[in-house]
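Chemist: Take a look at data_22.pdb, PDB, C-alpha atoms, pLDDT in the B column:
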ATOM      1  CA  MET G 221     -17.425 -13.467  -2.228  1.00 88.00           C
ATOM      2  CA  ASN G 222     -20.577 -11.407  -2.563  1.00 91.00           C
ATOM      3  CA  ALA G 223     -21.727  -8.301  -0.679  1.00 90.00           C
ATOM      4  CA  GLU G 224     -23.804 -10.272   1.824  1.00 92.00           C
ATOM      5  CA  GLU G 225     -20.910 -12.622   2.647  1.00 92.00           C
ATOM      6  CA  LEU G 226     -18.529  -9.679   3.071  1.00 90.00           C
ATOM      7  CA  LYS G 227     -20.959  -7.822   5.340  1.00 89.00           C
ATOM      8  CA  SER G 228     -21.585 -10.994   7.344  1.00 91.00           C
ATOM      9  CA  LEU G 229     -17.850 -11.538   7.735  1.00 89.00           C
ATOM     10  CA  GLN G 230     -17.127  -7.954   8.808  1.00 91.00           C
ATOM     11  CA  ALA G 231     -20.247  -7.222  10.923  1.00 90.00           C
ATOM     12  CA  PRO G 232     -19.015  -8.843  14.163  1.00 92.00           C
ATOM     13  CA  ILE G 233     -15.595  -7.279  13.734  1.00 92.00           C
ATOM     14  CA  LYS G 234     -17.086  -3.812  13.239  1.00 92.00           C
ATOM     15  CA  GLU G 235     -19.394  -4.312  16.231  1.00 93.00           C
ATOM     16  CA  ARG G 236     -16.470  -5.313  18.455  1.00 91.00           C
ATOM     17  CA  TYR G 237     -14.526  -2.248  17.332  1.00 90.00           C
ATOM     18  CA  ARG G 238     -17.508   0.009  18.085  1.00 90.00           C
ATOM     19  CA  ASN G 239     -17.919  -1.481  21.563  1.00 94.00           C
ATOM     20  CA  GLU G 240     -14.219  -1.883  22.314  1.00 92.00           C
ATOM     21  CA  PRO G 241     -12.345   0.815  20.355  1.00 89.00           C
ATOM     22  CA  HIS G 242      -9.004  -0.235  21.855  1.00 90.00           C
ATOM     23  CA  SER G 243      -9.333  -3.670  20.215  1.00 88.00           C
ATOM     24  CA  ALA G 244      -9.113  -2.027  16.778  1.00 87.00           C
ATOM     25  CA  MET G 245      -5.583  -0.766  17.412  1.00 87.00           C
ATOM     26  CA  ILE G 246      -3.202  -3.341  15.955  1.00 84.00           C
ATOM     27  CA  THR G 247       0.560  -2.997  15.618  1.00 83.00           C
ATOM     28  CA  LEU G 248       1.946  -4.422  12.385  1.00 77.00           C
ATOM     29  CA  ARG G 249       5.613  -5.309  12.315  1.00 81.00           C
ATOM     30  CA  ALA G 250       8.331  -5.894   9.783  1.00 78.00           C
ATOM     31  CA  GLU G 251      11.886  -6.975  10.413  1.00 81.00           C
ATOM     32  CA  GLY G 252      14.941  -7.287   8.255  1.00 81.00           C
ATOM     33  CA  LYS G 253      18.495  -8.482   8.632  1.00 84.00           C
ATOM     34  CA  ILE G 254      21.363  -7.088   6.627  1.00 76.00           C
ATOM     35  CA  GLY G 255      22.651  -9.580   4.102  1.00 78.00           C
ATOM     36  CA  GLU G 256      25.660 -10.038   1.876  1.00 77.00           C
ATOM     37  CA  GLY G 257      26.917  -6.939   0.106  1.00 75.00           C
ATOM     38  CA  LEU G 258      24.443  -4.097   0.173  1.00 73.00           C
ATOM     39  CA  THR G 259      21.260  -6.070   0.837  1.00 80.00           C
ATOM     40  CA  CYS G 260      18.663  -6.473   3.555  1.00 86.00           C
ATOM     41  CA  LYS G 261      16.607  -9.642   3.931  1.00 84.00           C
ATOM     42  CA  VAL G 262      12.983  -8.996   4.863  1.00 87.00           C
ATOM     43  CA  GLN G 263      10.579 -11.759   5.859  1.00 82.00           C
ATOM     44  CA  THR G 264       7.143 -11.103   4.395  1.00 82.00           C
ATOM     45  CA  GLY G 265       4.014 -13.025   5.252  1.00 79.00           C
ATOM     46  CA  LYS G 266       4.711 -15.431   2.400  1.00 81.00           C
ATOM     47  CA  ALA G 267       8.361 -15.267   1.405  1.00 83.00           C
ATOM     48  CA  LEU G 268      11.805 -13.944   2.160  1.00 86.00           C
ATOM     49  CA  VAL G 269      12.657 -10.900   0.062  1.00 89.00           C
ATOM     50  CA  GLU G 270      16.191  -9.656  -0.416  1.00 91.00           C
ATOM     51  CA  ALA G 271      16.206  -5.913  -1.001  1.00 92.00           C
ATOM     52  CA  GLY G 272      19.185  -4.104  -2.441  1.00 92.00           C
ATOM     53  CA  LEU G 273      20.279  -0.985  -4.208  1.00 89.00           C
ATOM     54  CA  HIS G 274      18.497   0.035  -7.385  1.00 90.00           C
ATOM     55  CA  PRO G 275      20.762  -0.152 -10.463  1.00 90.00           C
ATOM     56  CA  ALA G 276      20.553   3.658 -10.698  1.00 90.00           C
ATOM     57  CA  THR G 277      22.453   3.803  -7.391  1.00 89.00           C
ATOM     58  CA  GLY G 278      24.967   1.047  -8.079  1.00 89.00           C
ATOM     59  CA  GLY G 279      22.894  -2.073  -7.470  1.00 88.00           C
ATOM     60  CA  THR G 280      23.031  -5.160  -9.649  1.00 89.00           C
ATOM     61  CA  GLY G 281      19.285  -5.369 -10.245  1.00 87.00           C
ATOM     62  CA  LEU G 282      19.233  -8.883  -8.790  1.00 90.00           C
ATOM     63  CA  SER G 283      17.659  -7.752  -5.492  1.00 90.00           C
ATOM     64  CA  ALA G 284      14.290  -6.145  -4.944  1.00 90.00           C
ATOM     65  CA  CYS G 285      14.322  -2.354  -4.844  1.00 90.00           C
ATOM     66  CA  SER G 286      12.568  -0.869  -1.822  1.00 91.00           C
ATOM     67  CA  GLY G 287      11.037   1.827  -4.038  1.00 92.00           C
ATOM     68  CA  ASP G 288       9.505  -0.894  -6.214  1.00 91.00           C
ATOM     69  CA  MET G 289       8.302  -2.650  -3.065  1.00 92.00           C
ATOM     70  CA  LEU G 290       6.587   0.545  -1.895  1.00 94.00           C
ATOM     71  CA  LEU G 291       4.757   0.827  -5.217  1.00 93.00           C
ATOM     72  CA  GLU G 292       3.905  -2.883  -5.096  1.00 93.00           C
ATOM     73  CA  SER G 293       2.445  -2.391  -1.607  1.00 93.00           C
ATOM     74  CA  LEU G 294       0.350   0.486  -2.918  1.00 94.00           C
ATOM     75  CA  VAL G 295      -0.896  -1.628  -5.848  1.00 95.00           C
ATOM     76  CA  ALA G 296      -1.689  -4.575  -3.564  1.00 94.00           C
ATOM     77  CA  CYS G 297      -3.571  -2.480  -1.020  1.00 95.00           C
ATOM     78  CA  ALA G 298      -5.441  -0.467  -3.652  1.00 96.00           C
ATOM     79  CA  GLY G 299      -6.394  -3.656  -5.515  1.00 95.00           C
ATOM     80  CA  VAL G 300      -7.702  -5.408  -2.411  1.00 95.00           C
ATOM     81  CA  THR G 301      -9.550  -2.270  -1.327  1.00 95.00           C
ATOM     82  CA  LEU G 302     -11.027  -1.776  -4.813  1.00 94.00           C
ATOM     83  CA  ARG G 303     -12.310  -5.363  -4.817  1.00 93.00           C
ATOM     84  CA  ALA G 304     -13.745  -5.070  -1.287  1.00 94.00           C
ATOM     85  CA  VAL G 305     -15.510  -1.795  -2.060  1.00 95.00           C
ATOM     86  CA  ALA G 306     -16.891  -3.140  -5.349  1.00 94.00           C
ATOM     87  CA  THR G 307     -18.137  -6.216  -3.512  1.00 94.00           C
ATOM     88  CA  ALA G 308     -19.745  -4.197  -0.715  1.00 94.00           C
ATOM     89  CA  LEU G 309     -21.457  -1.848  -3.184  1.00 95.00           C
ATOM     90  CA  GLU G 310     -22.379  -4.736  -5.503  1.00 95.00           C
ATOM     91  CA  ILE G 311     -20.541  -3.131  -8.405  1.00 95.00           C
ATOM     92  CA  PRO G 312     -19.787  -5.876 -10.923  1.00 92.00           C
ATOM     93  CA  LEU G 313     -16.106  -6.131 -11.852  1.00 91.00           C
ATOM     94  CA  ARG G 314     -15.231  -8.729 -14.450  1.00 91.00           C
ATOM     95  CA  ASP G 315     -11.585  -7.760 -14.174  1.00 93.00           C
ATOM     96  CA  ALA G 316      -9.413  -4.911 -12.957  1.00 93.00           C
ATOM     97  CA  THR G 317      -5.780  -3.927 -13.160  1.00 92.00           C
ATOM     98  CA  VAL G 318      -3.937  -1.583 -10.848  1.00 94.00           C
ATOM     99  CA  HIS G 319      -0.790   0.241 -11.957  1.00 92.00           C
ATOM    100  CA  ALA G 320       1.488   2.457  -9.908  1.00 94.00           C
ATOM    101  CA  GLU G 321       4.501   4.343 -11.106  1.00 92.00           C
ATOM    102  CA  GLY G 322       6.625   6.872  -9.333  1.00 93.00           C
ATOM    103  CA  ASP G 323       9.290   9.359 -10.315  1.00 93.00           C
ATOM    104  CA  LEU G 324      12.593   9.481  -8.433  1.00 91.00           C
ATOM    105  CA  ASP G 325      15.526  11.778  -9.050  1.00 91.00           C
ATOM    106  CA  PHE G 326      18.456   9.743  -7.773  1.00 91.00           C
ATOM    107  CA  ARG G 327      20.642  12.842  -7.408  1.00 91.00           C
ATOM    108  CA  GLY G 328      18.892  13.339  -4.055  1.00 92.00           C
ATOM    109  CA  THR G 329      19.388   9.750  -2.913  1.00 89.00           C
ATOM    110  CA  LEU G 330      23.074   9.772  -3.840  1.00 90.00           C
ATOM    111  CA  GLY G 331      23.727  13.200  -2.312  1.00 91.00           C
ATOM    112  CA  VAL G 332      24.713  14.681  -5.670  1.00 91.00           C
ATOM    113  CA  SER G 333      22.380  17.643  -5.192  1.00 89.00           C
ATOM    114  CA  LYS G 334      21.058  18.940  -1.879  1.00 92.00           C
ATOM    115  CA  GLU G 335      18.301  20.772  -3.771  1.00 94.00           C
ATOM    116  CA  VAL G 336      16.794  17.500  -5.027  1.00 91.00           C
ATOM    117  CA  PRO G 337      14.512  15.788  -2.497  1.00 93.00           C
ATOM    118  CA  VAL G 338      15.157  12.187  -1.504  1.00 94.00           C
ATOM    119  CA  GLY G 339      12.183  10.001  -2.324  1.00 92.00           C
ATOM    120  CA  PHE G 340       9.406   9.888  -4.835  1.00 93.00           C
ATOM    121  CA  GLN G 341       8.541  13.260  -6.308  1.00 92.00           C
ATOM    122  CA  GLN G 342       5.311  12.015  -7.858  1.00 93.00           C
ATOM    123  CA  ILE G 343       3.347   8.768  -7.756  1.00 95.00           C
ATOM    124  CA  ARG G 344       0.594   7.896 -10.213  1.00 94.00           C
ATOM    125  CA  LEU G 345      -1.986   5.227  -9.373  1.00 94.00           C
ATOM    126  CA  ARG G 346      -4.221   4.026 -12.206  1.00 93.00           C
ATOM    127  CA  PHE G 347      -7.036   1.512 -12.391  1.00 93.00           C
ATOM    128  CA  GLY G 348      -8.233  -0.308 -15.492  1.00 94.00           C
ATOM    129  CA  LEU G 349     -11.732  -1.690 -15.023  1.00 94.00           C
ATOM    130  CA  ASP G 350     -13.708  -4.208 -17.025  1.00 94.00           C
ATOM    131  CA  THR G 351     -17.211  -3.392 -15.800  1.00 96.00           C
ATOM    132  CA  ASP G 352     -20.681  -2.343 -16.840  1.00 96.00           C
ATOM    133  CA  ALA G 353     -20.892   0.015 -13.850  1.00 96.00           C
ATOM    134  CA  THR G 354     -22.325   3.480 -14.323  1.00 96.00           C
ATOM    135  CA  GLU G 355     -20.127   6.565 -14.134  1.00 96.00           C
ATOM    136  CA  GLU G 356     -21.661   7.311 -10.719  1.00 97.00           C
ATOM    137  CA  GLN G 357     -20.770   3.831  -9.460  1.00 97.00           C
ATOM    138  CA  ILE G 358     -17.221   4.164 -10.762  1.00 97.00           C
ATOM    139  CA  ALA G 359     -16.865   7.562  -9.080  1.00 97.00           C
ATOM    140  CA  ALA G 360     -18.070   6.077  -5.782  1.00 97.00           C
ATOM    141  CA  LEU G 361     -15.729   3.108  -6.219  1.00 97.00           C
ATOM    142  CA  LEU G 362     -12.729   5.395  -6.740  1.00 97.00           C
ATOM    143  CA  LYS G 363     -13.690   7.718  -3.887  1.00 98.00           C
ATOM    144  CA  LEU G 364     -14.110   4.875  -1.398  1.00 98.00           C
ATOM    145  CA  THR G 365     -11.000   3.041  -2.593  1.00 96.00           C
ATOM    146  CA  GLU G 366      -8.991   6.207  -1.955  1.00 97.00           C
ATOM    147  CA  ARG G 367     -10.654   6.661   1.424  1.00 98.00           C
ATOM    148  CA  TYR G 368     -10.079   3.133   2.713  1.00 97.00           C
ATOM    149  CA  CYS G 369      -6.753   2.109   1.129  1.00 96.00           C
ATOM    150  CA  VAL G 370      -4.309   2.034   4.048  1.00 96.00           C
ATOM    151  CA  VAL G 371      -1.135   2.438   1.981  1.00 96.00           C
ATOM    152  CA  TYR G 372      -2.591   5.255  -0.130  1.00 98.00           C
ATOM    153  CA  GLN G 373      -3.791   7.143   2.959  1.00 98.00           C
ATOM    154  CA  THR G 374      -0.431   6.611   4.683  1.00 97.00           C
ATOM    155  CA  LEU G 375       1.398   8.108   1.716  1.00 97.00           C
ATOM    156  CA  VAL G 376      -1.024  11.027   1.383  1.00 97.00           C
ATOM    157  CA  ASN G 377      -1.174  11.744   5.131  1.00 97.00           C
ATOM    158  CA  ALA G 378       2.309  10.820   6.279  1.00 94.00           C
ATOM    159  CA  PRO G 379       2.367   9.659   9.902  1.00 95.00           C
ATOM    160  CA  GLU G 380       4.934  10.728  12.427  1.00 96.00           C
ATOM    161  CA  ILE G 381       7.791   8.245  12.318  1.00 96.00           C
ATOM    162  CA  GLU G 382       9.982   7.653  15.326  1.00 95.00           C
ATOM    163  CA  ILE G 383      13.520   6.409  14.681  1.00 96.00           C
ATOM    164  CA  GLN G 384      15.721   4.821  17.340  1.00 96.00           C
ATOM    165  CA  ILE G 385      19.028   3.057  17.340  1.00 96.00           C
ATOM    166  CA  SER G 386      20.360   0.623  19.915  1.00 94.00           C
ATOM    167  CA  ARG G 387      23.522  -1.376  20.358  1.00 94.00           C
ATOM    168  CA  ARG G 388      23.418  -5.106  20.914  1.00 86.00           C
TER     169      ARG G 388
END
Using the file provided, produce a representation of the structure as structure tokens.
Modeler:
Amino acid sequence: MNAEELKSLQAPIKERYRNEPHSAMITLRAEGKIGEGLTCKVQTGKALVEAGLHPATGGTGLSACSGDMLLESLVACAGVTLRAVATALEIPLRDATVHAEGDLDFRGTLGVSKEVPVGFQQIRLRFGLDTDATEEQIAALLKLTERYCVVYQTLVNAPEIEIQISRR
């Protein structure tokens, strides 16, 4: 896809959102069902994923770790956003890799230490680009990828999360 095709594809969508702001509000959903042992089965858009405990918390390593899945979501979103921004700005990318890694101290997760926070303490997102782009183009690419990557922005600007429980 080139810049003109991308702009042509998105122009009517952007126009509708300008004229009908309420139509831009979409609710995404995910659902899981607890599985055998300590697992939860989550239906993605393309496959069924069985998530379980990380080996550092007693898991077998045979199920997907939700922390890994969070990083994979960040990589996927950042990669798609990087490609879209490069396309829109006509920045040539022969190839690109996206890496995310995050540091967890499992003492928090396992309740071993109340002083240790539960969750990632640091996440690093790195891009490897094969491009002839100028330093200015690369800076713009990074800036706009950060700005428009939904997962990145959600992690940086955590939304309010409402939790409910109901009996069936």
Chemist: Counting only C-alpha atoms, give me one row per residue of stretch 279-364 of chain G with an atom at most 12 Å from an atom of stretch 254-259 of chain G, showing the shortest contact pair and its distance in Å to one decimal, sorted by chain then residue number, as CSV.
Modeler:
residue,atom,partner,partner_atom,distance
G:Gly279,CA,G:Leu258,CA,8.1
G:Thr280,CA,G:Leu258,CA,10.0
G:Gly281,CA,G:Thr259,CA,11.3
G:Leu282,CA,G:Thr259,CA,10.2
G:Ser283,CA,G:Thr259,CA,7.5
G:Ala284,CA,G:Thr259,CA,9.1
G:Cys285,CA,G:Thr259,CA,9.7
G:Ser286,CA,G:Thr259,CA,10.5
Chemist: Rounded to one decimal, what separation in Å do you get between atom CA of G:Gly339 and atom CA of G:Asp288?
Modeler: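 These two atoms are separated by 11.9 Å.
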Chemist: Neighbouring residues of stretch 352-354 of chain G were defined as those with any atom within 10 Å, considering only C-alpha atoms; residues of the same chain fewer than 4 positions away were excluded. Please report them as a PyMOL selection string.
Modeler: chain G and resi 306+310-314+358-361
Chemist: For G:Leu309, which of G:Glu366, G:Asp350, G:Glu224, G:Glu270 is the closest residue, counting all atoms listed in the file?
Modeler: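 Smallest distance to G:Leu309 is found for G:Glu224.
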Chemist: What do you get, as an NGL selection string, if you spell out every residue that the PyMOL selection byres ((chain G and resi 346-348) around 6) selects here?
Modeler: :G and (316-319 or 345 or 349)
Chemist: Do a neighbour search on G:Val300 at 12 Å with all atoms listed in the file, toss out local chain neighbours closer than 4 positions, and write the hits as a list in words.
Modeler: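 That gives Ser293, Leu294, Val295, Ala296, Ala304, Val305, Ala306, Thr307, Ala316, Thr317, Val318, Thr365, Glu366, Tyr368, Cys369, Val370 and Val371 of chain G.
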Chemist: What is the distance between atom CA of G:Leu273 and atom CA of G:Cys260, in Å to one decimal?
Modeler: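 Atom CA of G:Cys260 lies at a distance of 9.6 Å from atom CA of G:Leu273.
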Chemist: Of the residues G:Thr351, G:Gln341, G:Ser386, G:Asn239, which is the one nearest to G:Gly328, using only C-alpha atoms?
Modeler: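 Using only C-alpha atoms, G:Gly328 sits closest to G:Gln341.
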Chemist: If I put a ball of radius 9 Å at (3.5, 9.0, -9.0) in the file's coordinates, which residues poke into it when counting all atoms listed in the file, written as a list in words?
Modeler: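 Within 9 Å of (3.5, 9.0, -9.0), the protein and nucleic acid residues are Ala320, Glu321, Gly322, Asp323, Phe340, Gln341, Gln342, Ile343, Arg344 and Leu345 of chain G.
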Chemist: Taking into account all atoms listed in the file, which residue in the set G:Tyr372, G:Met245, G:Ile233, G:Ile383 is nearest to G:Gly299?
Modeler: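 Using all atoms listed in the file, the shortest distance to G:Gly299 belongs to G:Tyr372.
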